[in-house]
file input_9.cif (mmCIF, C-alpha atoms)
data_my_file
#
loop_
_atom_site.label_atom_id
_atom_site.label_comp_id
_atom_site.auth_asym_id
_atom_site.auth_seq_id
_atom_site.Cartn_x
_atom_site.Cartn_y
_atom_site.Cartn_z
CA MET J 89 0.00 0.00 0.00
CA MET J 90 2.95 2.33 -0.39
CA VAL J 91 1.93 3.31 -3.92
CA PRO J 92 -1.48 4.83 -2.99
CA ALA J 93 0.16 6.74 -0.14
CA ALA J 94 2.90 7.97 -2.48
CA LEU J 95 0.29 9.14 -4.98
CA LEU J 96 -1.60 11.04 -2.30
CA LEU J 97 1.61 12.67 -1.12
CA LEU J 98 2.53 13.59 -4.69
CA GLY J 99 -0.91 15.08 -5.30
CA ALA J 100 -0.80 17.11 -2.08
CA LEU J 101 2.70 18.34 -2.82
CA THR J 102 1.71 19.38 -6.34
CA ALA J 103 -1.42 21.14 -5.08
CA VAL J 104 0.60 23.23 -2.63
CA VAL J 105 3.89 23.84 -4.45
CA ALA J 106 2.74 24.35 -8.06
CA PRO J 107 0.71 27.55 -7.44
CA ARG J 108 3.62 29.08 -5.50
CA LEU J 109 6.10 28.25 -8.23
CA LEU J 110 3.87 29.64 -10.97
CA ALA J 111 3.26 32.81 -8.95
CA ARG J 112 7.00 33.52 -8.82
CA VAL J 113 7.67 33.43 -12.56
CA ASP J 114 6.89 36.28 -14.94
CA TRP J 115 6.43 34.42 -18.21
CA PRO J 116 2.66 33.64 -17.82
CA ASP J 117 1.83 37.27 -18.65
CA ARG J 118 4.11 37.02 -21.66
CA GLU J 119 2.72 33.70 -22.86
CA PRO J 120 -0.85 33.31 -21.55
CA VAL J 121 -1.69 30.44 -23.91
CA VAL J 122 1.27 28.42 -22.62
CA ALA J 123 0.31 29.32 -19.06
CA LEU J 124 -3.24 28.08 -19.63
CA TRP J 125 -1.82 24.76 -20.82
CA VAL J 126 0.53 24.50 -17.82
CA TRP J 127 -2.29 25.12 -15.34
CA GLN J 128 -4.48 22.51 -16.98
CA CYS J 129 -1.67 19.94 -16.82
CA VAL J 130 -1.00 20.69 -13.15
CA VAL J 131 -4.66 20.31 -12.20
CA ALA J 132 -4.93 17.15 -14.29
CA ALA J 133 -1.92 15.70 -12.43
CA VAL J 134 -3.53 16.40 -9.03
CA LEU J 135 -6.82 14.81 -10.09
CA LEU J 136 -4.97 11.85 -11.61
CA CYS J 137 -3.08 11.26 -8.37
CA CYS J 138 -6.36 11.05 -6.48
CA ALA J 139 -8.00 8.79 -9.07
CA LEU J 140 -5.08 6.35 -9.19
CA SER J 141 -4.74 6.29 -5.40
CA MET J 142 -8.45 5.56 -5.08
CA THR J 143 -8.25 2.72 -7.61
CA LEU J 144 -5.23 1.04 -6.01
CA SER J 145 -6.64 1.49 -2.50
CA ALA J 146 -9.90 -0.10 -3.56
CA ALA J 147 -7.97 -2.96 -5.18
CA ALA J 148 -6.09 -3.53 -1.93
CA ALA J 149 -9.26 -3.41 0.17
CA TRP J 150 -11.65 -5.56 -1.86
CA HIS J 151 -10.92 -8.74 -3.76
CA VAL J 152 -13.65 -8.05 -6.32
CA VAL J 153 -12.09 -4.73 -7.30
CA ARG J 154 -8.63 -6.27 -7.33
CA GLY J 155 -9.83 -8.95 -9.72
CA HIS J 156 -11.12 -6.33 -12.17
CA VAL J 157 -8.11 -4.02 -11.91
CA PHE J 158 -5.48 -6.73 -12.31
CA ALA J 159 -7.51 -9.14 -14.47
CA PRO J 160 -5.22 -8.99 -17.54
CA ALA J 161 -1.99 -8.63 -15.52
CA PRO J 162 0.59 -11.41 -15.01
CA SER J 163 0.91 -12.91 -11.54
CA ALA J 164 4.23 -11.13 -10.97
CA VAL J 165 2.50 -7.77 -11.37
CA VAL J 166 -0.29 -8.76 -8.98
CA GLU J 167 2.26 -9.82 -6.38
CA ALA J 168 4.09 -6.51 -6.75
CA TYR J 169 0.96 -4.68 -5.57
CA ALA J 170 -0.07 -7.26 -2.95
CA HIS J 171 1.82 -5.70 -0.02
CA GLY J 172 -0.58 -4.73 2.74
CA VAL J 173 -3.65 -6.12 0.97
CA GLY J 174 -6.74 -6.00 3.14
CA ARG J 175 -5.61 -3.29 5.56
CA PRO J 176 -8.59 -1.35 6.99
CA TRP J 177 -7.22 2.05 6.06
CA ALA J 178 -7.15 1.03 2.39
CA ALA J 179 -10.94 0.84 2.36
CA THR J 180 -11.20 4.16 4.22
CA THR J 181 -8.88 5.85 1.73
CA ALA J 182 -10.77 4.44 -1.25
CA VAL J 183 -14.16 5.50 0.12
CA ALA J 184 -12.93 8.99 1.02
CA LEU J 185 -11.41 9.54 -2.43
CA ALA J 186 -14.52 8.13 -4.12
CA CYS J 187 -16.64 10.60 -2.17
CA GLY J 188 -14.30 13.37 -3.27
CA GLY J 189 -14.69 12.27 -6.88
CA LEU J 190 -18.47 12.22 -6.61
CA TRP J 191 -18.39 15.66 -4.99
CA THR J 192 -16.25 16.95 -7.87
CA VAL J 193 -18.73 15.63 -10.42
CA ALA J 194 -21.60 17.16 -8.44
CA MET J 195 -19.87 20.55 -8.36
CA LEU J 196 -19.22 20.42 -12.09
CA VAL J 197 -22.84 19.49 -12.80
CA ARG J 198 -23.99 22.31 -10.54
CA GLU J 199 -21.74 24.79 -12.33
CA VAL J 200 -22.98 23.67 -15.75
CA VAL J 201 -26.62 23.86 -14.63
CA ARG J 202 -26.10 27.35 -13.22
CA ALA J 203 -24.29 28.46 -16.38
CA ARG J 204 -27.12 27.19 -18.55
CA ALA J 205 -29.67 28.93 -16.34
CA ARG J 206 -27.74 32.20 -16.63
CA ARG J 207 -27.47 31.68 -20.38
CA ARG J 208 -31.22 31.08 -20.72
CA GLN J 209 -31.94 34.17 -18.67
CA ARG J 210 -29.60 36.30 -20.78
CA ARG J 211 -31.11 34.92 -23.98
CA ALA J 212 -34.61 35.72 -22.69
CA GLU J 213 -33.51 39.27 -21.84
CA LEU J 214 -31.88 39.50 -25.24
CA LEU J 215 -35.11 38.43 -26.93
CA VAL J 216 -37.01 41.13 -25.04
CA ARG J 217 -34.52 43.83 -25.97
CA ALA J 218 -34.06 42.60 -29.55
CA PRO J 219 -37.29 40.82 -30.57
CA LEU J 220 -37.43 38.70 -33.70
CA LEU J 221 -38.71 40.38 -36.84
CA PRO J 222 -41.49 38.79 -38.91
CA GLY J 223 -40.03 35.84 -40.81
CA GLU J 224 -36.82 35.79 -38.77
CA GLU J 225 -35.77 32.40 -37.40
CA PRO J 226 -34.51 32.10 -33.78
CA GLY J 227 -30.71 31.87 -33.65
CA SER J 228 -30.29 32.77 -37.31
CA ASP J 229 -28.03 35.77 -36.58
CA ARG J 230 -24.68 35.41 -34.88
CA LEU J 231 -24.42 39.18 -34.37
CA VAL J 232 -27.02 41.02 -32.28
CA ILE J 233 -27.05 44.81 -31.91
CA LEU J 234 -28.80 46.20 -28.83
CA GLU J 235 -29.93 49.70 -28.04
CA GLY J 236 -27.91 50.76 -25.03
CA GLU J 237 -26.33 53.84 -23.47
CA ARG J 238 -23.31 51.92 -22.10
CA PRO J 239 -20.71 50.65 -24.57
CA ASP J 240 -20.45 46.91 -24.17
CA ALA J 241 -19.82 43.74 -26.13
CA TRP J 242 -19.93 40.11 -25.10
CA TRP J 243 -20.07 36.61 -26.51
CA LEU J 244 -23.08 34.52 -25.55
CA PRO J 245 -22.08 30.83 -25.89
CA GLY J 246 -24.42 27.94 -26.49
CA ALA J 247 -25.82 25.79 -29.28
CA ALA J 248 -26.33 28.96 -31.33
CA PRO J 249 -23.58 31.31 -30.07
CA ARG J 250 -24.09 35.01 -30.56
CA LEU J 251 -21.95 38.09 -30.39
CA VAL J 252 -23.84 40.95 -28.73
CA ILE J 253 -22.80 44.58 -29.05
CA THR J 254 -24.58 47.75 -27.98
CA THR J 255 -25.25 50.80 -30.10
CA ALA J 256 -23.17 52.89 -27.69
CA ALA J 257 -20.18 50.66 -28.46
CA LEU J 258 -20.77 51.09 -32.18
CA ARG J 259 -20.78 54.87 -31.72
CA ARG J 260 -17.61 54.95 -29.63
CA LEU J 261 -15.46 52.37 -31.37
CA LYS J 262 -13.75 53.71 -34.44
CA GLY J 263 -12.91 51.56 -37.44
CA ARG J 264 -10.49 48.79 -36.54
CA GLN J 265 -11.25 49.19 -32.82
CA LEU J 266 -14.60 47.50 -33.39
CA ASP J 267 -12.86 44.73 -35.34
CA ALA J 268 -10.43 44.25 -32.43
CA VAL J 269 -13.32 43.89 -29.94
CA LEU J 270 -15.04 41.36 -32.19
CA ALA J 271 -11.78 39.43 -32.58
CA HIS J 272 -11.32 39.40 -28.80
CA GLU J 273 -14.75 37.88 -28.23
CA GLN J 274 -14.30 35.42 -31.08
CA GLY J 275 -11.03 34.36 -29.49
CA HIS J 276 -12.93 33.37 -26.35
CA ALA J 277 -15.39 31.36 -28.40
CA GLN J 278 -12.79 29.58 -30.55
CA ALA J 279 -10.71 28.52 -27.54
CA ARG J 280 -13.80 27.48 -25.56
CA HIS J 281 -12.70 29.55 -22.60
CA ASP J 282 -16.16 29.17 -21.07
CA TRP J 283 -15.43 25.51 -20.30
CA LEU J 284 -12.16 26.40 -18.61
CA LEU J 285 -14.01 28.90 -16.44
CA HIS J 286 -16.74 26.38 -15.58
CA CYS J 287 -14.26 23.65 -14.60
CA SER J 288 -12.10 25.97 -12.52
CA ALA J 289 -15.15 27.43 -10.75
CA ALA J 290 -16.47 23.94 -9.98
CA LEU J 291 -13.16 22.75 -8.48
CA ALA J 292 -12.64 25.92 -6.46
CA GLY J 293 -16.24 25.87 -5.22
CA GLY J 294 -16.08 22.22 -4.24
CA PHE J 295 -12.65 22.35 -2.60
CA PRO J 296 -12.04 25.96 -1.51
CA GLN J 297 -9.22 24.97 0.86
CA VAL J 298 -7.09 23.35 -1.87
CA PRO J 299 -4.59 26.03 -3.02
CA VAL J 300 -4.18 24.76 -6.57
CA PHE J 301 -7.92 24.89 -7.31
CA ALA J 302 -8.40 28.40 -5.94
CA ALA J 303 -5.38 29.65 -7.88
CA PHE J 304 -6.57 27.79 -10.98
CA ARG J 305 -9.89 29.65 -10.91
CA ASP J 306 -8.28 33.06 -10.40
CA GLU J 307 -5.66 32.53 -13.08
CA MET J 308 -8.19 31.26 -15.61
CA HIS J 309 -10.20 34.48 -15.34
CA ARG J 310 -7.06 36.52 -15.90
CA LEU J 311 -5.26 34.42 -18.51
CA VAL J 312 -8.22 33.90 -20.81
CA GLU J 313 -8.56 37.68 -21.13
CA LEU J 314 -4.86 38.08 -21.87
CA ALA J 315 -5.00 35.30 -24.46
CA ALA J 316 -8.00 36.91 -26.17
CA ASP J 317 -6.25 40.30 -26.08
CA ASP J 318 -3.24 38.77 -27.81
CA MET J 319 -5.42 37.18 -30.47
CA ALA J 320 -7.04 40.52 -31.23
CA SER J 321 -3.76 42.44 -31.14
CA ARG J 322 -2.07 40.05 -33.57
CA ARG J 323 -4.75 40.87 -36.14
CA PHE J 324 -5.39 44.54 -35.52
CA GLY J 325 -2.46 45.84 -33.49
CA ARG J 326 -1.79 46.38 -29.81
CA LEU J 327 -2.55 50.10 -29.83
CA THR J 328 -5.90 49.57 -31.54
CA THR J 329 -6.87 46.83 -29.08
CA ALA J 330 -5.79 48.95 -26.09
CA LEU J 331 -7.80 51.95 -27.32
CA ALA J 332 -10.83 49.70 -27.81
CA LEU J 333 -10.54 48.49 -24.19
CA VAL J 334 -10.33 52.09 -22.98
CA GLU J 335 -13.36 53.16 -25.01
CA LEU J 336 -15.43 50.26 -23.68
CA ASN J 337 -14.48 50.67 -20.02
CA GLU J 338 -13.63 54.29 -19.25
CA ASP J 339 -17.21 55.10 -18.17
CA ARG J 340 -17.16 52.27 -15.60
CA GLY J 341 -14.58 53.91 -13.36
CA VAL J 342 -12.01 51.17 -13.85
CA PHE J 343 -9.20 53.67 -14.35
CA GLY J 344 -9.86 55.46 -11.06
CA PRO J 345 -8.37 54.86 -7.60
CA CYS J 346 -11.25 52.68 -6.37
CA PRO J 347 -11.14 49.01 -7.41
CA THR J 348 -14.08 47.64 -9.38
CA SER J 349 -15.15 44.31 -10.80
CA HIS J 350 -13.12 45.19 -13.91
CA ALA J 351 -9.94 46.00 -11.99
CA GLN J 352 -7.80 44.00 -14.42
CA VAL J 353 -8.60 46.28 -17.36
CA PRO J 354 -5.90 48.91 -16.56
CA GLN J 355 -3.26 46.17 -16.33
CA ARG J 356 -4.45 44.73 -19.64
CA VAL J 357 -4.24 48.14 -21.29
CA SER J 358 -0.73 48.72 -19.90
CA ARG J 359 0.34 45.30 -21.11
CA LEU J 360 -0.90 46.08 -24.61
CA LEU J 361 0.78 49.51 -24.70
CA THR J 362 4.10 48.18 -23.35
CA PRO J 363 4.17 44.65 -24.75
CA PRO J 364 6.45 42.20 -22.92
CA ASN J 365 9.01 40.34 -24.94
CA ARG J 366 7.70 36.96 -25.99
CA LEU J 367 9.64 33.88 -25.01
CA PRO J 368 11.79 32.28 -27.71
CA ALA J 369 10.04 29.56 -29.67
CA GLY J 370 12.39 26.94 -28.25
CA ARG J 371 11.56 27.86 -24.67
CA ARG J 372 7.82 27.88 -25.40
CA LEU J 373 8.16 24.40 -26.83
CA ARG J 374 10.13 23.19 -23.81
CA LEU J 375 7.57 24.63 -21.39
CA THR J 376 4.73 23.00 -23.32
CA ALA J 377 6.50 19.63 -23.38
CA ALA J 378 7.46 19.84 -19.70
CA ALA J 379 3.87 20.63 -18.74
CA ALA J 380 2.62 17.67 -20.76
CA LEU J 381 4.95 15.42 -18.75
CA VAL J 382 3.52 16.54 -15.39
CA PRO J 383 0.44 14.24 -15.59
CA VAL J 384 2.76 11.41 -16.65
CA ILE J 385 4.53 11.42 -13.26
CA PRO J 386 1.52 9.95 -11.36
CA LEU J 387 1.28 7.24 -14.01
CA LEU J 388 4.94 6.35 -13.51
CA VAL J 389 4.45 6.19 -9.74
CA ALA J 390 1.33 4.04 -10.09
CA PHE J 391 2.69 1.64 -12.70
CA GLY J 392 6.28 1.60 -11.46
CA PRO J 393 6.01 -1.58 -9.32
CA GLY J 394 4.30 -3.43 -12.16
CA LEU J 395 6.90 -2.36 -14.69
CA ARG J 396 9.71 -3.40 -12.36
CA ALA J 397 8.05 -6.79 -11.84
CA LEU J 398 7.88 -7.34 -15.58
CA GLY J 399 11.50 -6.31 -16.00
#

call {"tool": "encode", "arguments": {"input": "input_9.cif", "output": "structure tokens"}}
result
Amino acid sequence: MMVPAALLLLGALTAVVAPRLLARVDWPDREPVVALWVWQCVVAAVLLCCALSMTLSAAAAWHVVRGHVFAPAPSAVVEAYAHGVGRPWAATTAVALACGGLWTVAMLVREVVRARARRRQRRAELLVRAPLLPGEEPGSDRLVILEGERPDAWWLPGAAPRLVITTAALRRLKGRQLDAVLAHEQGHAQARHDWLLHCSAALAGGFPQVPVFAAFRDEMHRLVELAADDMASRRFGRLTTALALVELNEDRGVFGPCPTSHAQVPQRVSRLLTPPNRLPAGRRLRLTAAAALVPVIPLLVAFGPGLRALG
């Protein structure tokens, strides 16, 4: 039963150390897409540690589970994992981790249900503010223009995604600034950032005391905006994208001394006006490959005894 304990220790260590290490480096702001990938790999490694530990603990506690887990394995592999079979704490560990897994699924389902409810409410409000014309089919237009005194634009995901923009935004945004805003919102849709936000919110809501999940949620909200900014700036220029952000948000008080819900906007504008140097392509590739190897470590720990037995 040393392997399940080692997996739990590895998962706990990753959950505590990884957010601190990522908070000390400066390259995530320079490469938000790479940072999004790294965070996903770290969280996947933590969840994989728990899943593998649960499986091996259940195999050690119950003969029926052990028969299914090791059914195709040679006898030498079964013997390699047979140390401490039947110990009471194996069953306790397996049940506790199984409950944690069920709780995670429940939190994800709750987040998806809430997101769909919010989406239905926003679509109903949108239908009231922009009713269908005679002969117009529901969901036929991907772009919806609303009468509004506040400049705003947002992407409404779903089976028939729509890009919503207010008339005030159309009046304030000049030329390519409007194109940059549209490209920013399309960047969110193409990368499916809404699913990243749902998953991170579900994990942080279900396990608020786990550092990696809380940091994952906070960083997702920040990094997806930086990634969408970069996508827009690559097509229409950093200055144009920064001016578009200013035009959309200056009436909300985000550039004043008092923090608001859009407190990240000034930092995003500064980042666009003084762009950080991108990492060399070689280093980006190494970071991507190293992150992809992080979830492999729990697999090596879990399958190590079996591989040694076969060797």

call {"tool": "closest_residue", "arguments": {"input": "input_9.cif", "among": "J:Phe324, J:Trp191, J:Phe295, J:Trp243", "to": "J:Arg207", "atoms": "all atoms listed in the file"}}
result
J:Trp243

call {"tool": "atom_distance", "arguments": {"input": "input_9.cif", "atom1": "atom CA of J:Arg280", "atom2": "atom CA of J:Gln128"}}
result
13.6 Å

call {"tool": "closest_residue", "arguments": {"input": "input_9.cif", "among": "J:Leu367, J:Ala257, J:Leu244, J:Ala316", "to": "J:Arg204", "atoms": "all atoms listed in the file"}}
result
J:Leu244

call {"tool": "resolve_selection", "arguments": {"input": "input_9.cif", "expression": "the PyMOL selection byres ((chain J and resi 277) around 12)", "output": "mmCIF file with C-alpha atoms, keeping the file's coordinate frame"}}
result
data_model
loop_
_atom_site.group_PDB
_atom_site.id
_atom_site.type_symbol
_atom_site.label_atom_id
_atom_site.label_comp_id
_atom_site.auth_asym_id
_atom_site.auth_seq_id
_atom_site.Cartn_x
_atom_site.Cartn_y
_atom_site.Cartn_z
ATOM 1 C CA TRP J 242 -19.930 40.110 -25.100
ATOM 2 C CA TRP J 243 -20.070 36.610 -26.510
ATOM 3 C CA LEU J 244 -23.080 34.520 -25.550
ATOM 4 C CA PRO J 245 -22.080 30.830 -25.890
ATOM 5 C CA GLY J 246 -24.420 27.940 -26.490
ATOM 6 C CA ALA J 247 -25.820 25.790 -29.280
ATOM 7 C CA ALA J 248 -26.330 28.960 -31.330
ATOM 8 C CA PRO J 249 -23.580 31.310 -30.070
ATOM 9 C CA ARG J 250 -24.090 35.010 -30.560
ATOM 10 C CA LEU J 251 -21.950 38.090 -30.390
ATOM 11 C CA LEU J 270 -15.040 41.360 -32.190
ATOM 12 C CA ALA J 271 -11.780 39.430 -32.580
ATOM 13 C CA HIS J 272 -11.320 39.400 -28.800
ATOM 14 C CA GLU J 273 -14.750 37.880 -28.230
ATOM 15 C CA GLN J 274 -14.300 35.420 -31.080
ATOM 16 C CA GLY J 275 -11.030 34.360 -29.490
ATOM 17 C CA HIS J 276 -12.930 33.370 -26.350
ATOM 18 C CA GLN J 278 -12.790 29.580 -30.550
ATOM 19 C CA ALA J 279 -10.710 28.520 -27.540
ATOM 20 C CA ARG J 280 -13.800 27.480 -25.560
ATOM 21 C CA HIS J 281 -12.700 29.550 -22.600
ATOM 22 C CA ASP J 282 -16.160 29.170 -21.070
ATOM 23 C CA TRP J 283 -15.430 25.510 -20.300
ATOM 24 C CA LEU J 284 -12.160 26.400 -18.610
ATOM 25 C CA VAL J 312 -8.220 33.900 -20.810
ATOM 26 C CA GLU J 313 -8.560 37.680 -21.130
ATOM 27 C CA ALA J 315 -5.000 35.300 -24.460
ATOM 28 C CA ALA J 316 -8.000 36.910 -26.170
ATOM 29 C CA MET J 319 -5.420 37.180 -30.470
#

call {"tool": "closest_residue", "arguments": {"input": "input_9.cif", "among": "J:Ala93, J:Ala212, J:Ala100, J:Ala139", "to": "J:Leu185", "atoms": "only C-alpha atoms"}}
result
J:Ala139
